[in-house]
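Okay, protein.csv now, which holds CSV, C-alpha atoms and all ligand atoms:
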chain,number,residue,atom,x,y,z
A,235,MET,CA,100.1,-20.9,-42.8
A,236,ALA,CA,98.6,-23.7,-44.8
A,237,VAL,CA,99.9,-22.7,-48.2
A,238,LEU,CA,103.5,-21.6,-48.7
A,239,LYS,CA,104.6,-19.6,-51.7
A,240,TYR,CA,107.6,-21.1,-53.5
A,241,ARG,CA,109.7,-18.6,-55.3
A,242,GLY,CA,112.2,-19.6,-58.0
A,243,GLN,CA,113.2,-18.7,-61.5
A,244,GLY,CA,111.2,-18.0,-64.6
A,245,LYS,CA,109.4,-15.1,-63.0
A,246,ASP,CA,108.6,-13.4,-66.3
A,247,GLN,CA,106.3,-16.3,-66.9
A,248,SER,CA,103.1,-17.2,-65.1
A,249,PHE,CA,100.3,-19.5,-64.7
A,250,VAL,CA,97.0,-17.6,-65.1
A,251,THR,CA,93.5,-18.4,-64.1
A,252,LEU,CA,90.2,-16.5,-63.8
A,253,ALA,CA,87.4,-16.3,-61.2
A,254,THR,CA,84.4,-14.0,-61.6
A,255,ASN,CA,82.7,-15.0,-58.4
A,256,ASP,CA,83.4,-16.6,-55.0
A,257,SER,CA,82.5,-20.1,-56.1
A,258,TYR,CA,85.1,-20.2,-58.9
A,259,VAL,CA,87.5,-18.6,-56.5
A,260,LYS,CA,87.4,-22.0,-54.6
A,261,GLY,CA,88.5,-23.7,-57.8
A,262,ALA,CA,91.2,-21.1,-58.4
A,263,LEU,CA,92.5,-21.6,-54.9
A,264,VAL,CA,92.7,-25.4,-55.3
A,265,LEU,CA,94.4,-25.0,-58.7
A,266,GLY,CA,97.0,-22.5,-57.2
A,267,SER,CA,97.6,-24.7,-54.3
A,268,SER,CA,98.2,-27.8,-56.6
A,269,LEU,CA,100.7,-25.8,-58.7
A,270,GLN,CA,102.6,-24.8,-55.5
A,271,HIS,CA,102.5,-28.4,-54.2
A,272,TYR,CA,104.3,-29.6,-57.3
A,273,ARG,CA,106.8,-26.8,-56.9
A,274,THR,CA,106.3,-24.6,-60.0
A,275,THR,CA,109.0,-22.1,-60.5
A,276,ARG,CA,106.7,-19.8,-62.4
A,277,LYS,CA,104.4,-17.0,-61.0
A,278,LEU,CA,100.8,-17.6,-60.2
A,279,THR,CA,98.3,-14.9,-61.4
A,280,VAL,CA,94.6,-14.8,-61.0
A,281,LEU,CA,92.2,-12.5,-62.8
A,282,ILE,CA,89.1,-11.5,-60.8
A,283,THR,CA,86.1,-9.3,-61.5
A,284,PRO,CA,84.4,-6.9,-59.0
A,285,GLN,CA,81.9,-9.6,-57.9
A,286,VAL,CA,84.6,-11.4,-56.0
A,287,SER,CA,84.3,-10.5,-52.3
A,288,ASP,CA,87.0,-8.6,-50.4
A,289,LEU,CA,87.7,-11.5,-48.1
A,290,MET,CA,88.1,-14.0,-50.9
A,291,ARG,CA,90.5,-11.5,-52.6
A,292,LYS,CA,92.6,-11.6,-49.4
A,293,VAL,CA,92.7,-15.4,-49.4
A,294,LEU,CA,93.7,-15.3,-53.1
A,295,GLU,CA,96.6,-13.0,-52.3
A,296,ARG,CA,97.9,-15.7,-49.9
A,297,VAL,CA,98.1,-18.3,-52.7
A,298,PHE,CA,98.7,-16.2,-55.9
A,299,ASP,CA,101.6,-13.8,-56.6
A,300,GLU,CA,99.3,-11.4,-58.5
A,301,VAL,CA,95.5,-10.8,-58.0
A,302,ILE,CA,94.4,-8.6,-60.9
A,303,LEU,CA,91.0,-6.9,-61.1
A,304,VAL,CA,89.5,-6.9,-64.6
A,305,ASN,CA,86.1,-5.9,-66.0
A,306,ILE,CA,83.7,-8.5,-67.2
A,307,LEU,CA,83.5,-9.2,-70.9
A,308,ASP,CA,80.4,-11.0,-71.8
A,309,SER,CA,79.3,-12.2,-75.2
A,310,GLY,CA,75.6,-11.9,-74.3
A,311,ASP,CA,75.2,-14.3,-77.1
A,312,SER,CA,72.3,-16.4,-75.7
A,313,ALA,CA,71.5,-18.1,-79.0
A,314,HIS,CA,74.9,-19.7,-79.4
A,315,LEU,CA,75.3,-20.4,-75.7
A,316,ALA,CA,71.9,-22.1,-75.7
A,317,LEU,CA,73.3,-24.5,-78.3
A,318,MET,CA,75.9,-25.5,-75.7
A,319,ARG,CA,73.3,-25.5,-72.9
A,320,ARG,CA,75.5,-23.3,-70.8
A,321,PRO,CA,74.1,-19.7,-70.9
A,322,GLU,CA,76.4,-18.7,-68.1
A,323,LEU,CA,79.5,-19.2,-70.2
A,324,GLY,CA,79.3,-15.9,-72.1
A,325,ILE,CA,81.2,-14.4,-69.2
A,326,THR,CA,84.2,-16.6,-70.1
A,327,LEU,CA,85.1,-14.0,-72.7
A,328,THR,CA,86.6,-12.3,-69.6
A,329,LYS,CA,89.4,-14.8,-70.1
A,330,LEU,CA,90.6,-12.7,-73.1
A,331,HIS,CA,92.0,-10.2,-70.6
A,332,CYS,CA,94.8,-12.7,-70.0
A,333,TRP,CA,96.5,-11.4,-73.2
A,334,GLU,CA,96.9,-8.0,-71.5
A,335,LEU,CA,99.4,-9.4,-69.0
A,336,THR,CA,102.3,-8.1,-71.0
A,337,GLN,CA,104.6,-8.0,-67.9
A,338,TYR,CA,105.0,-11.7,-68.7
A,339,SER,CA,106.8,-13.1,-71.8
A,340,LYS,CA,104.7,-16.3,-71.8
A,341,CYS,CA,101.8,-17.7,-69.8
A,342,ILE,CA,99.7,-20.8,-69.4
A,343,PHE,CA,96.1,-20.2,-68.9
A,344,MET,CA,94.2,-22.7,-66.8
A,345,ASP,CA,90.5,-22.8,-66.1
A,346,ALA,CA,89.6,-22.5,-62.4
A,347,ASP,CA,88.1,-26.0,-62.6
A,348,THR,CA,91.4,-27.6,-63.3
A,349,MET,CA,94.1,-29.0,-61.0
A,350,VAL,CA,97.6,-30.3,-61.6
A,351,LEU,CA,98.7,-33.8,-60.6
A,352,SER,CA,102.3,-33.1,-61.3
A,353,ASN,CA,104.7,-30.3,-62.2
A,354,ILE,CA,103.9,-29.1,-65.7
A,355,ASP,CA,106.5,-26.3,-66.1
A,356,GLU,CA,107.8,-28.0,-69.2
A,357,LEU,CA,104.7,-26.6,-71.0
A,358,PHE,CA,106.5,-23.2,-71.0
A,359,GLU,CA,108.7,-24.6,-73.7
A,360,ARG,CA,105.7,-24.7,-76.1
A,361,GLU,CA,104.6,-21.8,-78.3
A,362,GLU,CA,101.3,-19.9,-78.7
A,363,LEU,CA,98.8,-21.3,-79.2
A,364,SER,CA,99.3,-24.8,-77.7
A,365,ALA,CA,96.4,-26.7,-76.3
A,366,ALA,CA,94.9,-30.2,-76.0
A,367,PRO,CA,92.0,-31.4,-78.2
A,368,ASP,CA,88.5,-30.9,-77.0
A,369,PRO,CA,86.9,-34.2,-76.1
A,370,GLY,CA,83.7,-33.2,-77.7
A,371,TRP,CA,85.2,-32.1,-81.1
A,372,PRO,CA,88.8,-33.0,-81.3
A,373,ASP,CA,89.5,-30.8,-84.3
A,374,CYS,CA,89.0,-27.9,-81.9
A,375,PHE,CA,91.3,-27.3,-78.9
A,376,ASN,CA,89.8,-27.1,-75.4
A,377,SER,CA,90.4,-23.7,-74.0
A,378,GLY,CA,90.6,-24.9,-70.4
A,379,VAL,CA,94.5,-25.1,-70.7
A,380,PHE,CA,96.5,-23.3,-73.2
A,381,VAL,CA,100.0,-21.8,-73.7
A,382,TYR,CA,100.0,-18.2,-75.0
A,383,ARG,CA,102.1,-15.0,-75.4
A,384,PRO,CA,100.5,-11.9,-73.8
A,385,SER,CA,100.2,-9.2,-76.5
A,386,ILE,CA,98.0,-6.1,-76.6
A,387,GLU,CA,97.8,-6.5,-80.4
A,388,THR,CA,96.4,-10.0,-80.0
A,389,TYR,CA,94.0,-8.9,-77.3
A,390,ASN,CA,92.6,-6.1,-79.6
A,391,GLN,CA,92.3,-8.5,-82.5
A,392,LEU,CA,90.4,-11.0,-80.4
A,393,LEU,CA,88.0,-8.3,-79.2
A,394,GLN,CA,87.5,-7.1,-82.7
A,395,LEU,CA,86.7,-10.7,-83.8
A,396,ALA,CA,84.3,-11.1,-80.9
A,397,THR,CA,82.5,-7.8,-81.8
A,398,GLU,CA,82.4,-8.3,-85.5
A,399,LYS,CA,81.8,-12.0,-85.9
A,400,GLY,CA,80.9,-13.3,-82.5
A,401,SER,CA,81.9,-16.7,-81.3
A,402,PHE,CA,80.4,-20.0,-82.6
A,403,ASP,CA,79.8,-21.3,-79.1
A,404,GLY,CA,79.0,-17.9,-77.7
A,405,ALA,CA,82.1,-18.1,-75.4
A,406,ASP,CA,85.9,-18.1,-75.4
A,407,GLN,CA,86.5,-21.5,-76.9
A,408,GLY,CA,84.6,-20.9,-80.1
A,409,LEU,CA,86.3,-17.5,-80.5
A,410,LEU,CA,89.8,-18.8,-79.8
A,411,ASN,CA,89.4,-21.7,-82.2
A,412,THR,CA,88.3,-19.3,-84.9
A,413,PHE,CA,91.2,-17.0,-84.2
A,414,PHE,CA,93.8,-19.8,-84.0
A,415,SER,CA,92.2,-21.8,-86.7
A,416,SER,CA,95.4,-23.4,-88.0
A,417,TRP,CA,95.8,-25.3,-84.7
A,418,ALA,CA,94.0,-28.4,-86.1
A,419,THR,CA,96.1,-28.8,-89.2
A,420,THR,CA,99.6,-27.2,-89.0
A,421,ASP,CA,101.9,-27.8,-86.1
A,422,MET,CA,101.8,-31.0,-84.0
A,423,SER,CA,104.0,-29.4,-81.3
A,424,LYS,CA,101.0,-27.1,-80.5
A,425,HIS,CA,98.9,-30.2,-79.8
A,426,LEU,CA,99.3,-30.8,-76.1
A,427,PRO,CA,98.9,-34.5,-75.1
A,428,PHE,CA,95.4,-35.1,-73.7
A,429,ILE,CA,97.0,-35.8,-70.3
A,430,TYR,CA,97.6,-32.1,-69.9
A,431,ASN,CA,93.8,-31.5,-70.0
A,432,LEU,CA,92.0,-34.6,-69.2
A,433,SER,CA,88.3,-33.9,-69.0
A,434,SER,CA,87.0,-36.0,-66.1
A,435,THR,CA,84.0,-37.0,-68.3
A,436,SER,CA,86.3,-38.6,-70.9
A,437,VAL,CA,87.1,-41.3,-68.4
A,438,TYR,CA,83.8,-42.9,-69.3
A,439,SER,CA,83.7,-42.2,-73.0
A,440,TYR,CA,86.9,-44.2,-73.6
A,441,LEU,CA,87.4,-46.3,-70.5
A,442,PRO,CA,90.0,-48.7,-71.9
A,443,ALA,CA,92.2,-45.7,-72.9
A,444,PHE,CA,91.7,-44.3,-69.5
A,445,LYS,CA,92.8,-47.6,-68.0
A,446,ALA,CA,95.9,-47.7,-70.2
A,447,PHE,CA,97.0,-44.1,-69.9
A,448,GLY,CA,95.0,-42.4,-67.1
A,449,ALA,CA,97.8,-42.9,-64.5
A,450,ASN,CA,99.9,-40.5,-66.5
A,451,THR,CA,97.3,-37.7,-66.1
A,452,LYS,CA,99.0,-34.3,-65.4
A,453,VAL,CA,96.0,-32.0,-65.4
A,454,VAL,CA,92.5,-32.9,-64.6
A,455,HIS,CA,89.7,-30.6,-65.9
A,456,PHE,CA,86.3,-30.8,-64.2
A,457,LEU,CA,84.6,-29.7,-67.4
A,458,GLY,CA,80.8,-29.5,-67.3
A,459,SER,CA,78.1,-27.8,-65.3
A,460,THR,CA,78.7,-29.6,-62.0
A,461,LYS,CA,81.9,-28.5,-60.4
A,462,PRO,CA,83.8,-30.1,-57.5
A,463,TRP,CA,82.6,-27.4,-55.1
A,464,ASN,CA,79.0,-28.2,-55.9
A,465,TYR,CA,79.4,-31.6,-54.1
A,466,THR,CA,79.7,-32.2,-50.4
A,467,TYR,CA,82.5,-34.2,-48.9
A,468,ASP,CA,82.5,-36.3,-45.8
A,469,SER,CA,86.0,-35.9,-44.4
A,470,ARG,CA,85.6,-38.9,-42.0
A,471,THR,CA,84.9,-41.4,-44.8
A,472,LYS,CA,86.7,-39.4,-47.4
A,473,SER,CA,83.8,-39.7,-49.7
A,474,LEU,CA,81.3,-37.5,-51.5
A,475,LYS,CA,77.8,-37.1,-50.1
A,476,GLY,CA,74.6,-35.4,-51.2
A,477,GLU,CA,73.8,-34.6,-54.9
A,478,MET,CA,75.0,-38.1,-55.7
A,479,HIS,CA,72.0,-38.4,-57.9
A,480,ASP,CA,73.6,-35.9,-60.3
A,481,SER,CA,74.1,-38.0,-63.4
A,482,LYS,CA,77.1,-36.0,-64.5
A,483,ILE,CA,79.2,-37.0,-61.6
A,484,VAL,CA,82.9,-37.0,-62.4
A,485,HIS,CA,85.4,-39.7,-61.7
A,486,PRO,CA,85.3,-40.0,-57.9
A,487,GLU,CA,89.1,-40.4,-57.6
A,488,PHE,CA,89.8,-37.1,-59.2
A,489,LEU,CA,87.0,-35.4,-57.3
A,490,ASN,CA,88.4,-36.8,-54.0
A,491,MET,CA,91.8,-35.4,-54.9
A,492,TRP,CA,90.3,-32.0,-55.4
A,493,TRP,CA,88.5,-32.2,-52.0
A,494,ASP,CA,91.7,-33.5,-50.3
A,495,THR,CA,93.6,-30.4,-51.5
A,496,TYR,CA,90.7,-28.2,-50.5
A,497,MET,CA,90.4,-29.6,-47.0
A,498,ALA,CA,94.2,-29.6,-46.4
A,499,ASN,CA,95.2,-26.3,-47.9
A,500,ILE,CA,92.2,-24.1,-48.6
A,501,LEU,CA,89.7,-24.6,-45.7
A,502,PRO,CA,92.3,-23.6,-43.1
A,503,LEU,CA,92.8,-20.3,-45.0
A,504,LEU,CA,89.1,-19.7,-45.2
A,505,GLU,CA,88.9,-20.3,-41.4
A,506,GLU,CA,91.8,-18.0,-40.8
A,507,TYR,CA,89.9,-15.2,-42.5
A,508,GLY,CA,86.7,-16.0,-40.7
A,509,ILE,CA,85.0,-16.9,-44.0
A,510,ILE,CA,84.2,-20.2,-42.5
A,511,LYS,CA,83.8,-20.4,-38.7
A,512,GLU,CA,86.5,-22.4,-37.1
A,513,ASN,CA,85.7,-25.0,-34.5
A,514,THR,CA,81.9,-25.0,-34.8
A,515,THR,CA,82.2,-27.9,-32.4
A,516,ALA,CA,78.8,-29.4,-33.0
A,517,VAL,CA,79.3,-29.3,-36.7
A,518,ASN,CA,81.9,-31.7,-38.1
A,519,THR,CA,84.3,-30.6,-40.8
A,520,ALA,CA,82.3,-32.2,-43.6
A,521,GLU,CA,79.3,-30.1,-42.7
A,522,VAL,CA,81.4,-26.9,-42.5
A,523,THR,CA,82.6,-27.8,-45.9
A,524,GLU,CA,79.0,-28.3,-47.0
A,525,ALA,CA,78.4,-24.7,-45.8
A,526,VAL,CA,81.2,-23.5,-48.0
A,527,SER,CA,79.8,-25.4,-50.9
A,528,HIS,CA,76.3,-24.3,-50.8
A,529,MET,CA,76.0,-21.1,-48.9
A,530,SER,CA,77.5,-17.7,-49.4
A,531,VAL,CA,81.1,-17.6,-48.2
A,532,SER,CA,80.3,-15.6,-45.1
A,533,ALA,CA,78.1,-18.4,-43.8
A,534,ALA,CA,78.6,-18.7,-40.1
A,535,ALA,CA,75.5,-20.5,-39.0
A,536,PRO,CA,75.5,-24.3,-38.9
A,537,PRO,CA,74.3,-25.6,-42.2
A,538,PRO,CA,70.9,-27.4,-42.5
A,539,PRO,CA,71.0,-31.2,-42.6
A,540,SER,CA,71.5,-32.6,-46.1
A,541,PRO,CA,68.3,-33.6,-47.8
A,542,PRO,CA,67.8,-37.3,-48.3
A,543,ALA,CA,69.0,-38.5,-51.6
A,544,PRO,CA,66.0,-38.6,-54.0
A,545,VAL,CA,64.8,-41.9,-55.1
A,546,LEU,CA,65.0,-41.9,-58.9
A,547,PRO,CA,62.4,-43.8,-61.0
A,548,ALA,CA,63.8,-46.8,-62.8
A,549,LEU,CA,64.7,-46.1,-66.4
A,550,SER,CA,64.0,-48.4,-69.3
A,551,SER,CA,67.1,-49.6,-71.2
A,552,LEU,CA,66.1,-47.3,-74.1
A,553,GLU,CA,65.9,-44.3,-71.8
A,554,ARG,CA,69.2,-45.3,-70.3
A,555,LYS,CA,70.8,-45.6,-73.7
A,556,GLN,CA,69.4,-42.1,-74.6
A,557,ARG,CA,70.7,-40.6,-71.4
A,558,TRP,CA,74.1,-42.2,-72.0
A,559,GLU,CA,74.3,-40.8,-75.5
A,560,GLN,CA,73.4,-37.4,-74.1
A,561,GLY,CA,76.3,-37.6,-71.7
A,562,GLN,CA,74.0,-38.2,-68.8
A,563,ALA,CA,75.1,-41.6,-67.6
A,564,ASP,CA,74.3,-42.8,-64.1
A,565,TYR,CA,77.9,-43.1,-63.1
A,566,MET,CA,77.2,-43.9,-59.5
A,567,GLY,CA,74.5,-46.6,-60.3
A,568,LEU,CA,73.9,-48.8,-63.3
A,569,ASP,CA,76.6,-47.1,-65.3
A,570,SER,CA,79.2,-47.3,-62.6
A,571,PHE,CA,82.8,-48.0,-63.2
A,572,ASP,CA,82.4,-51.6,-61.9
A,573,ASN,CA,79.4,-52.3,-64.1
A,574,ILE,CA,81.1,-50.9,-67.2
A,575,LYS,CA,84.2,-53.0,-66.4
A,576,LYS,CA,82.0,-56.1,-66.0
A,577,LYS,CA,80.4,-55.4,-69.4
A,578,LEU,CA,83.8,-54.8,-71.1
A,579,ASP,CA,85.1,-58.0,-69.5
A,580,THR,CA,82.3,-60.0,-71.1
A,581,TYR,CA,83.1,-58.6,-74.5
A,582,LEU,CA,86.8,-59.3,-74.1
A,583,GLN,CA,86.1,-62.9,-73.1
A,601,LIG,N1,84.4,-18.7,-65.1
A,601,LIG,C1,84.2,-17.8,-64.1
A,601,LIG,N2,82.9,-17.6,-63.7
A,601,LIG,C2,81.8,-18.2,-64.3
A,601,LIG,C3,82.1,-19.1,-65.3
A,601,LIG,C4,83.4,-19.4,-65.7
A,601,LIG,O1,85.2,-17.3,-63.5
A,601,LIG,O2,80.7,-17.9,-63.9
A,601,LIG,C5,85.8,-19.0,-65.6
A,601,LIG,C6,86.5,-20.0,-64.7
A,601,LIG,O3,87.9,-19.8,-64.8
A,601,LIG,C7,86.2,-21.3,-65.5
A,601,LIG,C8,86.3,-20.8,-66.9
A,601,LIG,O4,85.8,-19.5,-66.9
A,601,LIG,O5,87.0,-22.4,-65.2
A,601,LIG,C9,85.5,-21.6,-68.0
A,601,LIG,O6,84.2,-22.0,-67.5
A,601,LIG,P1,83.9,-23.5,-67.0
A,601,LIG,O7,85.1,-24.1,-66.5
A,601,LIG,O8,82.7,-23.4,-66.2
A,601,LIG,O9,83.6,-24.1,-68.4
A,601,LIG,P2,83.7,-25.7,-68.8
A,601,LIG,O10,85.2,-26.0,-68.8
A,601,LIG,O11,82.9,-26.5,-67.9
A,601,LIG,O12,83.1,-25.7,-70.2
A,602,LIG,C1,84.9,-25.3,-72.9
A,602,LIG,C2,86.1,-25.0,-72.1
A,602,LIG,C3,86.0,-23.8,-71.3
A,602,LIG,C4,85.4,-22.7,-72.1
A,602,LIG,C5,84.0,-23.1,-72.6
A,602,LIG,C6,83.3,-22.0,-73.3
A,602,LIG,O1,84.2,-26.3,-72.6
A,602,LIG,O2,86.5,-26.1,-71.3
A,602,LIG,O3,87.3,-23.4,-70.9
A,602,LIG,O4,85.3,-21.5,-71.3
A,602,LIG,O5,84.2,-24.2,-73.4
A,602,LIG,O6,83.9,-21.7,-74.6
A,603,MN,MN,86.6,-25.6,-67.3
Could you show the structure in this file as structure tokens?
Ligand code: UDP
Ligand code: GLC
Ligand code: MN
Amino acid sequence: MAVLKYRGQGKDQSFVTLATNDSYVKGALVLGSSLQHYRTTRKLTVLITPQVSDLMRKVLERVFDEVILVNILDSGDSAHLALMRRPELGITLTKLHCWELTQYSKCIFMDADTMVLSNIDELFEREELSAAPDPGWPDCFNSGVFVYRPSIETYNQLLQLATEKGSFDGADQGLLNTFFSSWATTDMSKHLPFIYNLSSTSVYSYLPAFKAFGANTKVVHFLGSTKPWNYTYDSRTKSLKGEMHDSKIVHPEFLNMWWDTYMANILPLLEEYGIIKENTTAVNTAEVTEAVSHMSVSAAAPPPPSPPAPVLPALSSLERKQRWEQGQADYMGLDSFDNIKKKLDTYLQ
């Protein structure tokens, strides 16, 4: 068995995540596996919705102590979601179900697109609602990692707020920031250090800070529309391939860590359940992984060859600047880490 459950104390407390479909399940599995790797003593719980396939549920049961079926809560608030350019996120209100887990005294919710890089059990010493600042608007907390206390009363109040007032971003983060509005101004102990929810895109928005403090990162959050499982990974060269033209590519080191965990701990489980065909001899592991990434999870046929990387038209420096300001830097090309470093060095000199 690739992933071993570690049982210890603190069992009335749990890490909690959410997956409403088989793609996000891959993220949840990597997160769960990373928590186990760093020997958490707390339980692991995943909330799923009926769209998650039966086989994937079985795999989740191998990694998580509890796999709990909940119904989808959706804001259906397309106007507000459009402002965020993420219409699919209305469904994240399903996250609110985490307050119903009253079998636990305290929990830490973590998005399925996060993974831990060390043990973070010390977060259970914090109180509701503790969270790290959102990189886009630091007076709001980011709802990808937060400490909370399950309570049916809170759950009902949140649903009531969602129904009566809606959410300013059409999704859970807007609602939770309205509900826990004193977070920004009252109690610093509820401000988690940024290293507990380091958005992989922040690496580029404040590179010197990342260079100074990035090594202390405890939780990486692959925030944004392109998730680790949307990329393909060449296990021989340990590098990403395909879709490299995606301008929102995250820091490759973190992405590689996600893929290393996936390859070592999750792929063998998917093979064991026949979700991915084992030993498709002509197909190397990377291509099998590509099948996982891009096809339905029951994909058994060899995947099609990757399309050649598209040749992008050269951008004027003004266009480049505009793209950069819109958060669409060409991280693998002109705006690569090396080039940014060279530029910074010229300023420093
Ligand atoms: N989520 C999900 N299915 C979806 C979208 C989101 O299960 O279709 C869950 C998942 O746990 C995810 C969280 O909601 O991590 C928040 O969404 P996401 O991480 O995509 O938002 P971001 O952090 O990129 O803003
Ligand atoms: C944020 C958070 C995510 C949340 C989304 C919608 O970007 O990272 O957890 O679901 O906003 O509110
Ligand atoms: Mn997220």
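Where the distance criterion is 7 Å and the atoms used are only C-alpha atoms and all ligand atoms, the residues close to ligand LIG 601 (chain A) are A:Thr251, A:Leu252, A:Ala253, A:Thr254, A:Asn255, A:Tyr258, A:Glu322, A:Leu323, A:Ile325, A:Thr326, A:Lys329, A:Asp345, A:Ala346, A:Asp347, A:Gly378, A:Phe456, A:Leu457, A:Gly458, A:Ser459.
If you measure from each of A:Pro442, A:Gly448, A:Pro462, A:Pro321 to ligand MN 603 (chain A) using only C-alpha atoms and all ligand atoms, the closest one turns out to be A:Pro462.
In this structure, atom C1 of ligand LIG 602 (chain A) sits 19.3 Å away from CA of Tyr389 in chain A.
Here CA of Tyr440 in chain A and CA of Pro367 in chain A stand 14.5 Å from one another.
CA of Leu335 in chain A sits 24.9 Å away from CA of Val454 in chain A.
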Any idea what's packed within 8 Å of Thr283 in chain A, counting all atoms listed in the file, ignoring anything in its chain fewer than 2 positions away? Could you give it as a PDB file with C-alpha atoms, in the coordinates of the input?
ATOM      1  CA  ALA A 253      87.400 -16.300 -61.200  1.00  0.00           C
ATOM      2  CA  THR A 254      84.400 -14.000 -61.600  1.00  0.00           C
ATOM      3  CA  ASN A 255      82.700 -15.000 -58.400  1.00  0.00           C
ATOM      4  CA  LEU A 281      92.200 -12.500 -62.800  1.00  0.00           C
ATOM      5  CA  GLN A 285      81.900  -9.600 -57.900  1.00  0.00           C
ATOM      6  CA  VAL A 286      84.600 -11.400 -56.000  1.00  0.00           C
ATOM      7  CA  LEU A 303      91.000  -6.900 -61.100  1.00  0.00           C
ATOM      8  CA  VAL A 304      89.500  -6.900 -64.600  1.00  0.00           C
ATOM      9  CA  ASN A 305      86.100  -5.900 -66.000  1.00  0.00           C
ATOM     10  CA  ILE A 306      83.700  -8.500 -67.200  1.00  0.00           C
TER      11      ILE A 306
END
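If you measure from each of A:Leu265, A:Val259, A:Met491, A:Met318 to Asp403 in chain A using all atoms listed in the file, the closest one turns out to be A:Met318.
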Please provide the set of residues having any atom within 12 Å of range 411-422 of chain A, restricted to all atoms listed in the file, with same-chain residues fewer than 4 positions apart removed, written as a PyMOL selection string.
chain A and resi 330+360-368+371-377+380+382+388-396+399-407+426-427
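The nearest approach to ligand MN 603 (chain A) among the residues A:Asn431, A:Ser469, A:Thr348, A:Ser436, with only C-alpha atoms and all ligand atoms taken into account, belongs to A:Thr348.
Proximity of A:Ser433, A:Gln337, A:Ser268, A:Ser287 to ligand LIG 602 (chain A), computed with only C-alpha atoms and all ligand atoms, is greatest for A:Ser433.
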Can you tell me, as a PyMOL selection string, what residues are no more than 12 Å from Phe488 in chain A when counting only C-alpha atoms, ignoring any on the same chain fewer than 2 positions away?
chain A and resi 347-351+432-435+437+448-449+451-456+461-462+473-474+483-486+490-495
Counting all atoms listed in the file, select every polymer residue within 9 Å of (109.1, -25.0, -64.2) as defined in the file's coordinates, and provide the selection as a ChimeraX atom specification.
/A:242-244,273-276,353-358
For the selection you just gave me, I'd like the residues written to a file as a compact mmCIF listing (two decimals), in the coordinates of the input, keeping C-alpha atoms.
# COMPACT_ATOMS: atom_id res chain seq x y z
CA GLY A 242 112.20 -19.60 -58.00
CA GLN A 243 113.20 -18.70 -61.50
CA GLY A 244 111.20 -18.00 -64.60
CA ARG A 273 106.80 -26.80 -56.90
CA THR A 274 106.30 -24.60 -60.00
CA THR A 275 109.00 -22.10 -60.50
CA ARG A 276 106.70 -19.80 -62.40
CA ASN A 353 104.70 -30.30 -62.20
CA ILE A 354 103.90 -29.10 -65.70
CA ASP A 355 106.50 -26.30 -66.10
CA GLU A 356 107.80 -28.00 -69.20
CA LEU A 357 104.70 -26.60 -71.00
CA PHE A 358 106.50 -23.20 -71.00
Which residues are near Phe447 in chain A? Cut-off 10 Å, only C-alpha atoms, ignore same chain within fewer than 6 positions. Put them as a PDB file with C-alpha atoms, keeping the file's coordinate frame.
ATOM      1  CA  PHE A 428      95.400 -35.100 -73.700  1.00  0.00           C
ATOM      2  CA  ILE A 429      97.000 -35.800 -70.300  1.00  0.00           C
ATOM      3  CA  LEU A 441      87.400 -46.300 -70.500  1.00  0.00           C
TER       4      LEU A 441
END
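Compared by their closest atoms to ligand LIG 602 (chain A), and using all atoms listed in the file, the residues A:Leu489, A:Ala262, A:Ala498, A:Leu410 rank with A:Leu410 nearest.
For the set A:Asp308, A:Glu387, A:Glu398, A:Asp299, the residue with the smallest atom-to-atom gap to ligand LIG 602 (chain A) is A:Asp308, counting only C-alpha atoms and all ligand atoms.
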